[in-house]
file coords_27.txt (compact mmCIF, C-alpha atoms and all ligand atoms)
# COMPACT_ATOMS: atom_id res chain seq x y z
CA MET U 17 0.00 0.00 0.00
CA ALA U 18 1.50 3.35 -1.04
CA VAL U 19 2.21 5.98 1.59
CA GLN U 20 -0.56 8.58 1.58
CA LEU U 21 -1.04 11.99 3.18
CA GLY U 22 -1.95 11.68 6.85
CA ASP U 23 -0.27 8.27 7.22
CA THR U 24 2.40 7.70 9.81
CA ALA U 25 5.72 7.83 7.95
CA PRO U 26 7.14 4.30 7.85
CA ASP U 27 9.84 3.87 10.49
CA PHE U 28 13.07 2.01 9.71
CA GLU U 29 16.60 1.48 10.93
CA ALA U 30 19.43 2.16 8.50
CA ASP U 31 23.06 3.12 8.13
CA THR U 32 23.69 6.69 7.06
CA THR U 33 26.74 8.79 6.34
CA GLU U 34 26.37 10.09 9.92
CA GLY U 35 25.95 6.68 11.58
CA ARG U 36 23.13 4.23 12.18
CA ILE U 37 19.70 5.72 12.82
CA ARG U 38 16.20 4.70 13.74
CA PHE U 39 14.23 7.13 11.61
CA HIS U 40 11.49 8.30 13.99
CA GLN U 41 13.97 8.66 16.83
CA TRP U 42 16.29 10.64 14.55
CA ILE U 43 13.47 13.03 13.62
CA GLY U 44 12.70 13.58 17.31
CA ASP U 45 10.42 16.58 17.83
CA LYS U 46 11.33 18.27 14.53
CA TRP U 47 9.82 18.35 11.08
CA CYS U 48 11.62 16.31 8.45
CA VAL U 49 12.09 16.39 4.71
CA LEU U 50 13.06 12.97 3.36
CA MET U 51 14.16 13.01 -0.27
CA SER U 52 15.23 10.24 -2.60
CA HIS U 53 18.02 10.41 -5.14
CA PRO U 54 18.06 7.93 -8.02
CA LYS U 55 21.73 6.93 -7.72
CA ASP U 56 25.13 8.03 -6.44
CA PHE U 57 27.57 9.77 -8.76
CA THR U 58 24.84 11.17 -10.99
CA PRO U 59 24.90 14.79 -12.12
CA VAL U 60 21.49 16.14 -11.15
CA CYS U 61 21.61 14.53 -7.70
CA THR U 62 25.04 16.03 -7.13
CA THR U 63 23.66 19.54 -7.71
CA GLU U 64 20.61 18.83 -5.56
CA LEU U 65 22.59 17.68 -2.54
CA GLY U 66 24.92 20.67 -2.79
CA THR U 67 21.92 23.00 -3.03
CA VAL U 68 20.29 21.52 0.06
CA ALA U 69 23.55 21.72 2.01
CA LYS U 70 23.67 25.46 1.23
CA LEU U 71 20.02 25.84 2.33
CA LYS U 72 20.44 23.91 5.60
CA GLN U 73 19.96 27.03 7.72
CA GLU U 74 16.66 27.73 5.96
CA PHE U 75 15.42 24.28 6.93
CA GLU U 76 16.68 24.79 10.49
CA LYS U 77 14.77 28.09 10.74
CA ARG U 78 11.66 26.03 10.05
CA ASN U 79 12.60 23.50 12.75
CA CYS U 80 13.12 20.94 10.00
CA LYS U 81 15.77 18.26 9.52
CA VAL U 82 16.70 17.03 6.06
CA ILE U 83 17.79 13.55 5.12
CA ALA U 84 18.52 12.01 1.71
CA VAL U 85 18.36 8.41 0.56
CA SER U 86 20.02 6.81 -2.43
CA VAL U 87 20.06 3.13 -3.40
CA ASP U 88 23.80 2.70 -2.88
CA ASP U 89 25.70 1.89 0.29
CA VAL U 90 27.18 4.34 2.76
CA GLN U 91 30.73 3.70 1.56
CA SER U 92 29.68 4.79 -1.93
CA HIS U 93 27.86 7.83 -0.50
CA LYS U 94 31.02 8.86 1.36
CA GLY U 95 33.03 8.78 -1.86
CA TRP U 96 30.34 10.77 -3.62
CA ILE U 97 30.27 13.41 -0.87
CA GLY U 98 33.85 14.30 -1.87
CA ASP U 99 32.61 15.09 -5.38
CA ILE U 100 29.58 17.00 -4.10
CA GLU U 101 31.75 19.17 -1.88
CA GLU U 102 34.31 19.77 -4.61
CA THR U 103 31.90 20.59 -7.43
CA GLN U 104 29.19 22.38 -5.46
CA LYS U 105 31.65 24.32 -3.29
CA THR U 106 29.96 23.44 -0.03
CA LYS U 107 30.28 21.09 2.94
CA MET U 108 27.75 18.27 3.21
CA ASN U 109 25.93 18.83 6.48
CA PHE U 110 23.09 16.32 6.57
CA PRO U 111 22.97 12.52 6.32
CA ILE U 112 22.47 10.30 3.29
CA ILE U 113 20.86 6.95 4.03
CA GLY U 114 22.51 3.86 2.55
CA ASP U 115 19.82 1.76 0.91
CA PRO U 116 21.55 -0.91 -1.18
CA ASP U 117 18.74 -3.42 -0.57
CA ARG U 118 16.13 -0.71 -1.33
CA LYS U 119 14.38 -1.25 1.98
CA VAL U 120 13.64 2.44 2.49
CA ALA U 121 12.86 3.02 -1.19
CA SER U 122 10.33 0.17 -1.08
CA LEU U 123 8.76 1.27 2.21
CA TYR U 124 8.09 4.71 0.75
CA GLY U 125 7.24 3.62 -2.80
CA MET U 126 10.17 5.54 -4.25
CA ILE U 127 10.71 3.06 -7.07
CA HIS U 128 8.18 3.45 -9.85
CA PRO U 129 8.80 0.39 -12.02
CA ASN U 130 7.28 1.90 -15.15
CA ALA U 131 9.78 4.77 -14.87
CA SER U 132 12.76 2.61 -13.83
CA ASP U 133 12.87 -0.66 -11.96
CA THR U 134 16.27 0.01 -10.41
CA LEU U 135 16.53 3.76 -9.75
CA THR U 136 14.24 5.73 -7.48
CA VAL U 137 12.25 8.67 -8.72
CA ARG U 138 12.86 12.03 -6.99
CA SER U 139 10.45 11.82 -4.07
CA VAL U 140 10.05 14.36 -1.31
CA PHE U 141 8.16 13.50 1.88
CA PHE U 142 7.28 16.24 4.36
CA ILE U 143 6.89 14.68 7.80
CA ASP U 144 5.65 16.51 10.89
CA PRO U 145 6.86 16.11 14.49
CA ASN U 146 4.05 13.55 15.06
CA LYS U 147 5.62 11.56 12.21
CA LYS U 148 2.63 12.10 9.93
CA VAL U 149 3.20 12.55 6.20
CA ARG U 150 1.91 16.03 5.40
CA ALA U 151 2.90 16.44 1.75
CA MET U 152 4.62 14.51 -1.01
CA ILE U 153 6.15 15.66 -4.28
CA THR U 154 7.42 13.38 -7.05
CA TYR U 155 9.65 14.35 -9.96
CA PRO U 156 11.25 12.20 -12.64
CA ALA U 157 14.97 11.47 -12.39
CA SER U 158 15.64 13.89 -15.23
CA THR U 159 14.22 16.94 -13.39
CA GLY U 160 16.16 18.43 -10.50
CA ARG U 161 13.95 19.71 -7.70
CA ASP U 162 13.34 23.35 -6.88
CA PHE U 163 14.27 23.55 -3.19
CA ASN U 164 12.80 27.02 -2.84
CA GLU U 165 9.49 25.36 -3.67
CA ILE U 166 10.16 22.75 -1.00
CA LEU U 167 10.75 25.50 1.58
CA ARG U 168 7.59 27.26 0.36
CA VAL U 169 5.51 24.10 0.86
CA LEU U 170 6.96 23.73 4.36
CA ASP U 171 6.01 27.35 5.10
CA SER U 172 2.48 26.74 3.85
CA ILE U 173 1.97 23.55 5.86
CA GLN U 174 3.34 25.09 9.04
CA LEU U 175 1.19 28.21 8.61
CA THR U 176 -2.05 26.46 7.70
CA GLU U 177 -1.80 24.06 10.60
CA ASN U 178 -1.90 26.92 13.10
CA TYR U 179 -4.36 29.32 11.47
CA LYS U 180 -7.66 28.74 9.69
CA VAL U 181 -6.23 29.68 6.34
CA ALA U 182 -5.01 28.01 3.18
CA THR U 183 -2.47 29.39 0.73
CA PRO U 184 -3.54 30.29 -2.81
CA ALA U 185 -1.83 29.64 -6.12
CA ASN U 186 1.77 30.84 -6.26
CA TRP U 187 1.57 32.06 -2.67
CA LYS U 188 4.83 33.21 -1.14
CA PRO U 189 5.43 33.96 2.55
CA GLY U 190 4.12 37.43 3.35
CA GLU U 191 1.35 37.37 0.78
CA ASP U 192 -2.40 37.18 1.39
CA CYS U 193 -3.93 33.87 2.38
CA VAL U 194 -7.45 32.53 1.91
CA ILE U 195 -9.77 31.93 4.83
CA VAL U 196 -11.00 28.33 5.00
CA PRO U 197 -14.58 28.22 3.65
CA SER U 198 -15.89 26.36 6.72
CA LEU U 199 -15.24 29.42 8.90
CA THR U 200 -18.34 31.65 8.67
CA ASP U 201 -19.09 32.81 12.22
CA PRO U 202 -18.72 36.65 12.13
CA GLU U 203 -17.37 36.86 15.69
CA GLU U 204 -14.77 34.19 15.06
CA LEU U 205 -13.78 35.83 11.79
CA LYS U 206 -13.23 39.11 13.63
CA ARG U 207 -11.23 37.42 16.38
CA ARG U 208 -9.06 35.31 14.08
CA PHE U 209 -8.49 37.97 11.43
CA PRO U 210 -8.25 41.33 13.20
CA LYS U 211 -6.67 42.86 10.09
CA GLY U 212 -9.90 42.10 8.22
CA TYR U 213 -10.50 40.34 4.95
CA LYS U 214 -11.72 40.95 1.43
CA ALA U 215 -14.53 38.71 0.14
CA LEU U 216 -14.30 38.33 -3.65
CA LYS U 217 -16.98 35.64 -3.35
CA PRO U 218 -18.53 34.26 -0.17
CA TYR U 219 -16.14 31.27 -0.46
CA LEU U 220 -13.09 33.27 -1.63
CA ARG U 221 -11.92 35.57 1.13
CA LEU U 222 -8.42 37.00 1.22
CA THR U 223 -6.72 38.08 4.43
CA PRO U 224 -3.21 39.24 5.26
CA GLN U 225 -0.97 36.40 6.44
CA PRO U 226 -2.21 36.01 10.01
CA ASN U 227 1.07 35.35 11.81
CA LEU U 228 2.84 38.52 10.67
C1 LIG U 301 21.01 12.51 -12.27
O1 LIG U 301 20.98 12.61 -11.06
O2 LIG U 301 21.68 13.23 -12.95
C2 LIG U 301 20.22 11.45 -12.98
C3 LIG U 301 19.96 10.26 -12.36
C4 LIG U 301 19.24 9.30 -13.03
C5 LIG U 301 18.77 9.54 -14.30
C6 LIG U 301 19.01 10.76 -14.90
C7 LIG U 301 19.75 11.73 -14.24
call {"tool": "encode", "arguments": {"input": "coords_27.txt", "output": "structure tokens"}}
result
Amino acid sequence: MAVQLGDTAPDFEADTTEGRIRFHQWIGDKWCVLMSHPKDFTPVCTTELGTVAKLKQEFEKRNCKVIAVSVDDVQSHKGWIGDIEETQKTKMNFPIIGDPDRKVASLYGMIHPNASDTLTVRSVFFIDPNKKVRAMITYPASTGRDFNEILRVLDSIQLTENYKVATPANWKPGEDCVIVPSLTDPEELKRRFPKGYKALKPYLRLTPQPNL
């Protein structure tokens, strides 16, 4: 059964480039972004890992840990890290899970046999501190991910879990949000959105981002 939104993220024990981990314990009370990489020593993955290393502080600001998985062993990952650091001009600062038997890839459905039966696709799982899967994104191996988009999704999930809003198309932090349609009580609207709101339609109401 494929992992779906709202499911508990499958737990596992695995070797990583930073030692052996039990996944849920490693996440602790943080958020987590788990991302798969089709294979070690491949060009797009090399740029992705370097990009994430440079963005580590942005993930930390969001109380979020990042971990990568690739279907090679940790020894191979360690060799590859040398190339990542050299070519991407950064220090690797988060773990890569060794997954030579594809245990993690299978648990999370990261291998899509009609795309490739050996390499993983580029999956991203957003996992909350309760270990629930809150979002998933899937790209083909040939398309490197946009990690600003991944930070944006994290911002949206963290915002919408605390306020009765959702984020509209192309929303960026700081921009107006939409009020969830189920909220109609005028007193509650006033209390939750003291800056007011603009109703374009009864179901489409825009309000300034409530936590700013
Ligand atoms: C890459 O990371 O460059 C890559 C991996 C698998 C297929 C195509 C590209």
call {"tool": "residues_around", "arguments": {"input": "coords_27.txt", "residues": "range 224-226 of chain U", "least_positions_apart": "5", "cutoff": "9 Å", "atoms": "only C-alpha atoms", "output": "list in words"}}
result
Leu175, Tyr179, Val181, Pro189, Gly190, Glu191, Asp192, Cys193, Val194, Arg208, Phe209, Pro210, Lys211, Gly212 and Tyr213 of chain U
call {"tool": "residues_around", "arguments": {"input": "coords_27.txt", "residues": "Ile113 in chain U", "least_positions_apart": "3", "cutoff": "12 Å", "atoms": "all atoms listed in the file", "output": "PyMOL selection string"}}
result
chain U and resi 28-39+50-53+55-56+82-94+110+116-121
call {"tool": "residues_around", "arguments": {"input": "coords_27.txt", "residues": "Met17 in chain U", "least_positions_apart": "3", "cutoff": "10 Å", "atoms": "only C-alpha atoms", "output": "JSON, numbers by chain"}}
result
{"U": [20, 123, 124, 125]}
call {"tool": "closest_residue", "arguments": {"input": "coords_27.txt", "among": "U:Arg78, U:Arg207, U:Arg138, U:Arg221", "to": "Val169 in chain U", "atoms": "all atoms listed in the file"}}
result
U:Arg78
call {"tool": "closest_residue", "arguments": {"input": "coords_27.txt", "among": "U:Gly66, U:Pro59, U:Pro129, U:Gly95", "to": "ligand LIG 301 (chain U)", "atoms": "only C-alpha atoms and all ligand atoms"}}
result
U:Pro59
call {"tool": "residues_near_point", "arguments": {"input": "coords_27.txt", "point": "(22.3, 17.3, 1.8)", "cutoff": "6 Å", "atoms": "all atoms listed in the file", "output": "CSV table (one decimal) with C-alpha atoms, in the frame of the given file"}}
result
chain,number,residue,atom,x,y,z
U,65,LEU,CA,22.6,17.7,-2.5
U,68,VAL,CA,20.3,21.5,0.1
U,69,ALA,CA,23.6,21.7,2.0
U,108,MET,CA,27.8,18.3,3.2
U,110,PHE,CA,23.1,16.3,6.6
call {"tool": "decode", "arguments": {"input": "coords_27.txt", "residues": "range 41-187 of chain U", "atoms": "C-alpha atoms", "output": "tab-separated table (two decimals), in the first residue's frame"}}
result
chain	number	residue	atom	x	y	z
U	41	GLN	CA	13.97	8.66	16.83
U	42	TRP	CA	16.29	10.64	14.55
U	43	ILE	CA	13.47	13.03	13.62
U	44	GLY	CA	12.70	13.58	17.31
U	45	ASP	CA	10.42	16.58	17.83
U	46	LYS	CA	11.33	18.27	14.53
U	47	TRP	CA	9.82	18.35	11.08
U	48	CYS	CA	11.62	16.31	8.45
U	49	VAL	CA	12.09	16.39	4.71
U	50	LEU	CA	13.06	12.97	3.36
U	51	MET	CA	14.16	13.01	-0.27
U	52	SER	CA	15.23	10.24	-2.60
U	53	HIS	CA	18.02	10.41	-5.14
U	54	PRO	CA	18.06	7.93	-8.02
U	55	LYS	CA	21.73	6.93	-7.72
U	56	ASP	CA	25.13	8.03	-6.44
U	57	PHE	CA	27.57	9.77	-8.76
U	58	THR	CA	24.84	11.17	-10.99
U	59	PRO	CA	24.90	14.79	-12.12
U	60	VAL	CA	21.49	16.14	-11.15
U	61	CYS	CA	21.61	14.53	-7.70
U	62	THR	CA	25.04	16.03	-7.13
U	63	THR	CA	23.66	19.54	-7.71
U	64	GLU	CA	20.61	18.83	-5.56
U	65	LEU	CA	22.59	17.68	-2.54
U	66	GLY	CA	24.92	20.67	-2.79
U	67	THR	CA	21.92	23.00	-3.03
U	68	VAL	CA	20.29	21.52	0.06
U	69	ALA	CA	23.55	21.72	2.01
U	70	LYS	CA	23.67	25.46	1.23
U	71	LEU	CA	20.02	25.84	2.33
U	72	LYS	CA	20.44	23.91	5.60
U	73	GLN	CA	19.96	27.03	7.72
U	74	GLU	CA	16.66	27.73	5.96
U	75	PHE	CA	15.42	24.28	6.93
U	76	GLU	CA	16.68	24.79	10.49
U	77	LYS	CA	14.77	28.09	10.74
U	78	ARG	CA	11.66	26.03	10.05
U	79	ASN	CA	12.60	23.50	12.75
U	80	CYS	CA	13.12	20.94	10.00
U	81	LYS	CA	15.77	18.26	9.52
U	82	VAL	CA	16.70	17.03	6.06
U	83	ILE	CA	17.79	13.55	5.12
U	84	ALA	CA	18.52	12.01	1.71
U	85	VAL	CA	18.36	8.41	0.56
U	86	SER	CA	20.02	6.81	-2.43
U	87	VAL	CA	20.06	3.13	-3.40
U	88	ASP	CA	23.80	2.70	-2.88
U	89	ASP	CA	25.70	1.89	0.29
U	90	VAL	CA	27.18	4.34	2.76
U	91	GLN	CA	30.73	3.70	1.56
U	92	SER	CA	29.68	4.79	-1.93
U	93	HIS	CA	27.86	7.83	-0.50
U	94	LYS	CA	31.02	8.86	1.36
U	95	GLY	CA	33.03	8.78	-1.86
U	96	TRP	CA	30.34	10.77	-3.62
U	97	ILE	CA	30.27	13.41	-0.87
U	98	GLY	CA	33.85	14.30	-1.87
U	99	ASP	CA	32.61	15.09	-5.38
U	100	ILE	CA	29.58	17.00	-4.10
U	101	GLU	CA	31.75	19.17	-1.88
U	102	GLU	CA	34.31	19.77	-4.61
U	103	THR	CA	31.90	20.59	-7.43
U	104	GLN	CA	29.19	22.38	-5.46
U	105	LYS	CA	31.65	24.32	-3.29
U	106	THR	CA	29.96	23.44	-0.03
U	107	LYS	CA	30.28	21.09	2.94
U	108	MET	CA	27.75	18.27	3.21
U	109	ASN	CA	25.93	18.83	6.48
U	110	PHE	CA	23.09	16.32	6.57
U	111	PRO	CA	22.97	12.52	6.32
U	112	ILE	CA	22.47	10.30	3.29
U	113	ILE	CA	20.86	6.95	4.03
U	114	GLY	CA	22.51	3.86	2.55
U	115	ASP	CA	19.82	1.76	0.91
U	116	PRO	CA	21.55	-0.91	-1.18
U	117	ASP	CA	18.74	-3.42	-0.57
U	118	ARG	CA	16.13	-0.71	-1.33
U	119	LYS	CA	14.38	-1.25	1.98
U	120	VAL	CA	13.64	2.44	2.49
U	121	ALA	CA	12.86	3.02	-1.19
U	122	SER	CA	10.33	0.17	-1.08
U	123	LEU	CA	8.76	1.27	2.21
U	124	TYR	CA	8.09	4.71	0.75
U	125	GLY	CA	7.24	3.62	-2.80
U	126	MET	CA	10.17	5.54	-4.25
U	127	ILE	CA	10.71	3.06	-7.07
U	128	HIS	CA	8.18	3.45	-9.85
U	129	PRO	CA	8.80	0.39	-12.02
U	130	ASN	CA	7.28	1.90	-15.15
U	131	ALA	CA	9.78	4.77	-14.87
U	132	SER	CA	12.76	2.61	-13.83
U	133	ASP	CA	12.87	-0.66	-11.96
U	134	THR	CA	16.27	0.01	-10.41
U	135	LEU	CA	16.53	3.76	-9.75
U	136	THR	CA	14.24	5.73	-7.48
U	137	VAL	CA	12.25	8.67	-8.72
U	138	ARG	CA	12.86	12.03	-6.99
U	139	SER	CA	10.45	11.82	-4.07
U	140	VAL	CA	10.05	14.36	-1.31
U	141	PHE	CA	8.16	13.50	1.88
U	142	PHE	CA	7.28	16.24	4.36
U	143	ILE	CA	6.89	14.68	7.80
U	144	ASP	CA	5.65	16.51	10.89
U	145	PRO	CA	6.86	16.11	14.49
U	146	ASN	CA	4.05	13.55	15.06
U	147	LYS	CA	5.62	11.56	12.21
U	148	LYS	CA	2.63	12.10	9.93
U	149	VAL	CA	3.20	12.55	6.20
U	150	ARG	CA	1.91	16.03	5.40
U	151	ALA	CA	2.90	16.44	1.75
U	152	MET	CA	4.62	14.51	-1.01
U	153	ILE	CA	6.15	15.66	-4.28
U	154	THR	CA	7.42	13.38	-7.05
U	155	TYR	CA	9.65	14.35	-9.96
U	156	PRO	CA	11.25	12.20	-12.64
U	157	ALA	CA	14.97	11.47	-12.39
U	158	SER	CA	15.64	13.89	-15.23
U	159	THR	CA	14.22	16.94	-13.39
U	160	GLY	CA	16.16	18.43	-10.50
U	161	ARG	CA	13.95	19.71	-7.70
U	162	ASP	CA	13.34	23.35	-6.88
U	163	PHE	CA	14.27	23.55	-3.19
U	164	ASN	CA	12.80	27.02	-2.84
U	165	GLU	CA	9.49	25.36	-3.67
U	166	ILE	CA	10.16	22.75	-1.00
U	167	LEU	CA	10.75	25.50	1.58
U	168	ARG	CA	7.59	27.26	0.36
U	169	VAL	CA	5.51	24.10	0.86
U	170	LEU	CA	6.96	23.73	4.36
U	171	ASP	CA	6.01	27.35	5.10
U	172	SER	CA	2.48	26.74	3.85
U	173	ILE	CA	1.97	23.55	5.86
U	174	GLN	CA	3.34	25.09	9.04
U	175	LEU	CA	1.19	28.21	8.61
U	176	THR	CA	-2.05	26.46	7.70
U	177	GLU	CA	-1.80	24.06	10.60
U	178	ASN	CA	-1.90	26.92	13.10
U	179	TYR	CA	-4.36	29.32	11.47
U	180	LYS	CA	-7.66	28.74	9.69
U	181	VAL	CA	-6.23	29.68	6.34
U	182	ALA	CA	-5.01	28.01	3.18
U	183	THR	CA	-2.47	29.39	0.73
U	184	PRO	CA	-3.54	30.29	-2.81
U	185	ALA	CA	-1.83	29.64	-6.12
U	186	ASN	CA	1.77	30.84	-6.26
U	187	TRP	CA	1.57	32.06	-2.67
